[in-house]
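Colleague: Structure file start37.cif (mmCIF, C-alpha atoms; chains and numbers go by the auth columns) right here:
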```
data_target
#
loop_
_atom_site.group_PDB
_atom_site.id
_atom_site.type_symbol
_atom_site.label_atom_id
_atom_site.label_comp_id
_atom_site.label_asym_id
_atom_site.label_seq_id
_atom_site.Cartn_x
_atom_site.Cartn_y
_atom_site.Cartn_z
_atom_site.B_iso_or_equiv
_atom_site.auth_seq_id
_atom_site.auth_asym_id
ATOM 1 C CA MET A 1 -11.002 -19.487 -15.646 0.00 211 C
ATOM 2 C CA GLY A 2 -8.246 -22.063 -15.973 0.00 212 C
ATOM 3 C CA VAL A 3 -6.293 -22.819 -12.827 0.00 213 C
ATOM 4 C CA TRP A 4 -3.185 -25.016 -12.702 0.00 214 C
ATOM 5 C CA GLY A 5 -1.980 -24.416 -9.165 0.00 215 C
ATOM 6 C CA THR A 6 -2.491 -22.578 -5.910 0.00 216 C
ATOM 7 C CA GLY A 7 -0.047 -19.728 -6.558 0.00 217 C
ATOM 8 C CA ASN A 8 -1.122 -16.179 -7.272 0.00 218 C
ATOM 9 C CA PHE A 9 0.130 -16.432 -10.847 0.00 219 C
ATOM 10 C CA GLU A 10 -1.201 -19.935 -11.569 0.00 220 C
ATOM 11 C CA ASN A 11 -4.430 -19.058 -13.346 0.00 221 C
ATOM 12 C CA ASP A 12 -5.581 -17.536 -16.633 0.00 222 C
ATOM 13 C CA THR A 13 -6.506 -14.147 -15.207 0.00 223 C
ATOM 14 C CA ALA A 14 -3.093 -13.680 -13.617 0.00 224 C
ATOM 15 C CA ALA A 15 -1.385 -14.854 -16.814 0.00 225 C
ATOM 16 C CA ASP A 16 -3.389 -12.327 -18.833 0.00 226 C
ATOM 17 C CA TYR A 17 -2.505 -9.582 -16.365 0.00 227 C
ATOM 18 C CA LEU A 18 1.180 -10.511 -16.425 0.00 228 C
ATOM 19 C CA SER A 19 1.122 -10.404 -20.213 0.00 229 C
ATOM 20 C CA LEU A 20 -0.423 -6.934 -20.227 0.00 230 C
ATOM 21 C CA MET A 21 1.883 -5.612 -17.535 0.00 231 C
ATOM 22 C CA THR A 22 5.117 -6.913 -19.042 0.00 232 C
ATOM 23 C CA SER A 23 4.111 -5.748 -22.524 0.00 233 C
ATOM 24 C CA GLN A 24 3.432 -2.281 -21.106 0.00 234 C
ATOM 25 C CA ILE A 25 6.811 -2.197 -19.369 0.00 235 C
ATOM 26 C CA ALA A 26 8.548 -3.146 -22.628 0.00 236 C
ATOM 27 C CA GLU A 27 6.647 -0.418 -24.497 0.00 237 C
ATOM 28 C CA GLU A 28 7.680 2.131 -21.877 0.00 238 C
ATOM 29 C CA ILE A 29 11.324 1.095 -22.220 0.00 239 C
ATOM 30 C CA GLU A 30 11.139 1.366 -26.009 0.00 240 C
ATOM 31 C CA GLU A 31 9.581 4.828 -25.758 0.00 241 C
ATOM 32 C CA ALA A 32 12.253 6.047 -23.346 0.00 242 C
ATOM 33 C CA ILE A 33 15.129 4.621 -25.394 0.00 243 C
ATOM 34 C CA SER A 34 13.790 6.411 -28.475 0.00 244 C
ATOM 35 C CA HIS A 35 14.525 9.750 -26.743 0.00 245 C
ATOM 36 C CA PRO A 36 18.264 9.687 -25.947 0.00 246 C
ATOM 37 C CA ASN A 37 18.251 12.956 -24.008 0.00 247 C
ATOM 38 C CA GLU A 38 15.681 11.448 -21.620 0.00 248 C
ATOM 39 C CA ILE A 39 17.852 8.448 -20.709 0.00 249 C
ATOM 40 C CA GLU A 40 20.928 10.348 -19.611 0.00 250 C
ATOM 41 C CA PRO A 41 22.105 9.137 -16.191 0.00 251 C
ATOM 42 C CA ASP A 42 20.744 12.185 -14.346 0.00 252 C
ATOM 43 C CA GLU A 43 17.295 11.964 -15.943 0.00 253 C
ATOM 44 C CA PHE A 44 14.298 10.126 -14.500 0.00 254 C
ATOM 45 C CA GLU A 45 14.025 7.677 -17.401 0.00 255 C
ATOM 46 C CA GLY A 46 17.772 7.101 -17.316 0.00 256 C
ATOM 47 C CA VAL A 47 17.271 5.495 -13.921 0.00 257 C
ATOM 48 C CA VAL A 48 13.809 4.003 -14.364 0.00 258 C
ATOM 49 C CA VAL A 49 14.617 2.159 -17.609 0.00 259 C
ATOM 50 C CA LEU A 50 17.158 0.071 -15.713 0.00 260 C
ATOM 51 C CA CYS A 51 14.637 -0.588 -12.935 0.00 261 C
ATOM 52 C CA LYS A 52 12.101 -1.765 -15.512 0.00 262 C
ATOM 53 C CA LEU A 53 14.655 -4.078 -17.113 0.00 263 C
ATOM 54 C CA GLU A 54 15.427 -5.540 -13.698 0.00 264 C
ATOM 55 C CA ILE A 55 11.715 -6.036 -12.999 0.00 265 C
ATOM 56 C CA LEU A 56 11.293 -7.924 -16.280 0.00 266 C
ATOM 57 C CA TYR A 57 14.282 -10.083 -15.366 0.00 267 C
ATOM 58 C CA LEU A 58 12.840 -10.855 -11.931 0.00 268 C
ATOM 59 C CA PHE A 59 9.540 -11.851 -13.527 0.00 269 C
ATOM 60 C CA ALA A 60 11.395 -14.036 -16.031 0.00 270 C
ATOM 61 C CA LYS A 61 13.128 -15.903 -13.210 0.00 271 C
ATOM 62 C CA GLN A 62 9.704 -17.008 -11.950 0.00 272 C
ATOM 63 C CA HIS A 63 8.802 -18.841 -15.184 0.00 273 C
ATOM 64 C CA TRP A 64 5.197 -17.675 -14.911 0.00 274 C
ATOM 65 C CA VAL A 65 2.759 -18.250 -17.749 0.00 275 C
ATOM 66 C CA GLY A 66 1.909 -15.021 -19.554 0.00 276 C
ATOM 67 C CA LEU A 67 5.300 -13.353 -19.370 0.00 277 C
ATOM 68 C CA MET A 68 5.912 -11.227 -22.455 0.00 278 C
ATOM 69 C CA LEU A 69 9.554 -10.320 -22.977 0.00 279 C
ATOM 70 C CA PRO A 70 10.818 -8.356 -25.960 0.00 280 C
ATOM 71 C CA ASP A 71 12.913 -10.190 -28.540 0.00 281 C
ATOM 72 C CA SER A 72 16.601 -10.566 -27.752 0.00 282 C
ATOM 73 C CA ASP A 73 17.455 -8.393 -30.761 0.00 283 C
ATOM 74 C CA MET A 74 15.343 -5.589 -29.301 0.00 284 C
ATOM 75 C CA ILE A 75 17.051 -5.844 -25.908 0.00 285 C
ATOM 76 C CA ILE A 76 20.460 -5.839 -27.625 0.00 286 C
ATOM 77 C CA LYS A 77 19.433 -2.688 -29.518 0.00 287 C
ATOM 78 C CA TRP A 78 18.310 -1.044 -26.276 0.00 288 C
ATOM 79 C CA LYS A 79 21.599 -1.962 -24.624 0.00 289 C
ATOM 80 C CA LYS A 80 23.641 -0.468 -27.445 0.00 290 C
ATOM 81 C CA GLU A 81 21.634 2.759 -27.467 0.00 291 C
ATOM 82 C CA TYR A 82 21.541 3.105 -23.691 0.00 292 C
ATOM 83 C CA LEU A 83 25.268 2.507 -23.282 0.00 293 C
ATOM 84 C CA PHE A 84 26.036 4.961 -26.087 0.00 294 C
ATOM 85 C CA VAL A 85 24.171 7.668 -24.162 0.00 295 C
ATOM 86 C CA TRP A 86 25.807 6.565 -20.901 0.00 296 C
ATOM 87 C CA ASP A 87 29.302 6.686 -22.386 0.00 297 C
ATOM 88 C CA GLN A 88 28.753 10.096 -23.987 0.00 298 C
ATOM 89 C CA TYR A 89 27.453 11.508 -20.730 0.00 299 C
ATOM 90 C CA MET A 90 30.201 10.004 -18.601 0.00 300 C
ATOM 91 C CA GLU A 91 32.945 11.395 -20.859 0.00 301 C
ATOM 92 C CA LYS A 92 31.935 14.833 -19.576 0.00 302 C
ATOM 93 C CA SER A 93 31.293 13.717 -16.010 0.00 303 C
ATOM 94 C CA ASP A 94 33.382 14.507 -12.959 0.00 304 C
ATOM 95 C CA SER A 95 32.647 11.032 -11.582 0.00 305 C
ATOM 96 C CA LYS A 96 35.566 8.856 -10.597 0.00 306 C
ATOM 97 C CA LYS A 97 36.747 6.340 -13.194 0.00 307 C
ATOM 98 C CA GLU A 98 36.241 3.477 -10.750 0.00 308 C
ATOM 99 C CA TYR A 99 32.573 4.406 -10.303 0.00 309 C
ATOM 100 C CA ILE A 100 32.054 4.844 -14.044 0.00 310 C
ATOM 101 C CA ASN A 101 33.619 1.479 -14.881 0.00 311 C
ATOM 102 C CA THR A 102 31.841 -0.426 -12.115 0.00 312 C
ATOM 103 C CA ARG A 103 28.476 1.185 -12.829 0.00 313 C
ATOM 104 C CA ARG A 104 28.821 0.492 -16.563 0.00 314 C
ATOM 105 C CA LYS A 105 29.370 -3.199 -15.813 0.00 315 C
ATOM 106 C CA VAL A 106 26.211 -3.270 -13.690 0.00 316 C
ATOM 107 C CA ILE A 107 24.228 -1.596 -16.475 0.00 317 C
ATOM 108 C CA ALA A 108 25.534 -4.032 -19.093 0.00 318 C
ATOM 109 C CA LYS A 109 24.716 -6.964 -16.806 0.00 319 C
ATOM 110 C CA THR A 110 21.173 -5.653 -16.378 0.00 320 C
ATOM 111 C CA PHE A 111 20.617 -5.923 -20.126 0.00 321 C
ATOM 112 C CA ASP A 112 22.576 -9.168 -20.492 0.00 322 C
ATOM 113 C CA GLN A 113 20.645 -11.058 -17.827 0.00 323 C
ATOM 114 C CA LEU A 114 17.362 -10.174 -19.528 0.00 324 C
ATOM 115 C CA ILE A 115 18.755 -11.288 -22.903 0.00 325 C
ATOM 116 C CA GLU A 116 19.847 -14.560 -21.331 0.00 326 C
ATOM 117 C CA SER A 117 16.419 -15.059 -19.761 0.00 327 C
ATOM 118 C CA LYS A 118 14.701 -14.410 -23.083 0.00 328 C
ATOM 119 C CA ASN A 119 16.954 -16.922 -24.809 0.00 329 C
ATOM 120 C CA LYS A 120 15.959 -19.592 -22.269 0.00 330 C
ATOM 121 C CA ILE A 121 12.242 -19.213 -22.959 0.00 331 C
#
```
For this file, produce the structure as structure tokens.

Modeller:
Amino acid sequence: MGVWGTGNFENDTAADYLSLMTSQIAEEIEEAISHPNEIEPDEFEGVVVLCKLEILYLFAKQHWVGLMLPDSDMIIKWKKEYLFVWDQYMEKSDSKKEYINTRRKVIAKTFDQLIESKNKI
């Protein structure tokens, strides 16, 4: 096993695990996005997809070896599809405009920060 530091993610085994874990998260996001009715804001995956994106971003900020992020084009596609579903749902929602606008900005930022991280790798 190769070791290059004392940190928990500074060895080959951890890098392999991180690769598997982040690849799995990306696959789960792709699967969820492929079912628009499952990513509506009141659905489980509608919430969890954003959590998974945030987790990938937090991993990316660590610059650990083994991180597997999807291509920027894929993340851009996810963003477009997710926001389309969000917008359609919110058109029928009784939520206040201020909430809708602020929440939409947070969602867009969640995708954008991961795209930016991918572009830095």

Colleague: Decode the PyMOL selection byres ((chain C and resi 295) around 10) for the given file into explicit residues and return them as number ranges by chain.

Modeller: C: 243, 246-251, 256, 289-294, 296-300

Colleague: Let me see the file: selected residues, C-alpha atoms, as an mmCIF file, in the frame of the given file.

Modeller:
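So selection.cif came out as:
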```
data_model
loop_
_atom_site.group_PDB
_atom_site.id
_atom_site.type_symbol
_atom_site.label_atom_id
_atom_site.label_comp_id
_atom_site.auth_asym_id
_atom_site.auth_seq_id
_atom_site.Cartn_x
_atom_site.Cartn_y
_atom_site.Cartn_z
ATOM 1 C CA ILE C 243 15.129 4.621 -25.394
ATOM 2 C CA PRO C 246 18.264 9.687 -25.947
ATOM 3 C CA ASN C 247 18.251 12.956 -24.008
ATOM 4 C CA GLU C 248 15.681 11.448 -21.620
ATOM 5 C CA ILE C 249 17.852 8.448 -20.709
ATOM 6 C CA GLU C 250 20.928 10.348 -19.611
ATOM 7 C CA PRO C 251 22.105 9.137 -16.191
ATOM 8 C CA GLY C 256 17.772 7.101 -17.316
ATOM 9 C CA LYS C 289 21.599 -1.962 -24.624
ATOM 10 C CA LYS C 290 23.641 -0.468 -27.445
ATOM 11 C CA GLU C 291 21.634 2.759 -27.467
ATOM 12 C CA TYR C 292 21.541 3.105 -23.691
ATOM 13 C CA LEU C 293 25.268 2.507 -23.282
ATOM 14 C CA PHE C 294 26.036 4.961 -26.087
ATOM 15 C CA TRP C 296 25.807 6.565 -20.901
ATOM 16 C CA ASP C 297 29.302 6.686 -22.386
ATOM 17 C CA GLN C 298 28.753 10.096 -23.987
ATOM 18 C CA TYR C 299 27.453 11.508 -20.730
ATOM 19 C CA MET C 300 30.201 10.004 -18.601
#
```

Colleague: Using only C-alpha atoms for the distances, tell me which of C:Gln234, C:Ser303, C:Ser229, C:Gln323 is nearest to Leu277 in chain C.

Modeller: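 Of C:Gln234, C:Ser303, C:Ser229, C:Gln323, the one nearest Leu277 in chain C is C:Ser229, counting only C-alpha atoms.
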
Colleague: Since I can't run it myself right now, could you work out what the PyMOL selection byres ((chain C and resi 268) around 12) selects here and report it as an NGL selection string?

Modeller: :C and (232 or 261-267 or 269-274 or 277 or 279 or 320 or 323-324 or 327-328)

Colleague: Could you tell me how far CA of Ala318 in chain C lies from CA of Tyr227 in chain C, in Å and to one decimal?

Modeller: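 Going from CA of Ala318 in chain C over to CA of Tyr227 in chain C, I get 28.7 Å.
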
Colleague: For the atom pair CA of Asp281 in chain C and CA of Ile331 in chain C, what is the interatomic distance in Å to one decimal place?

Modeller: 10.6 Å

Colleague: I need the residue nearest Lys319 in chain C from this list: C:Leu260, C:His245, C:Pro280, C:Lys287. Use only C-alpha atoms for the distance.

Modeller: C:Leu260

Colleague: Rounded to one decimal in Å, what is the spacing between CA of Ile285 in chain C and CA of Ile325 in chain C?

Modeller: 6.4 Å

Colleague: Go through C:Glu253, C:Ala242, C:Gly276, C:Glu237 one by one, measure the shortest atom-to-atom distance of each to Ala225 in chain C using only C-alpha atoms, and give the residue with the smallest value.

Modeller: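 Among the listed residues, the smallest separation from Ala225 in chain C belongs to C:Gly276.
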
Colleague: On this structure, the PyMOL selection byres ((chain C and resi 213) around 12) would catch which residues? List them as a PyMOL selection string, sorted by chain and number.

Modeller: chain C and resi 211-212+214-225+275
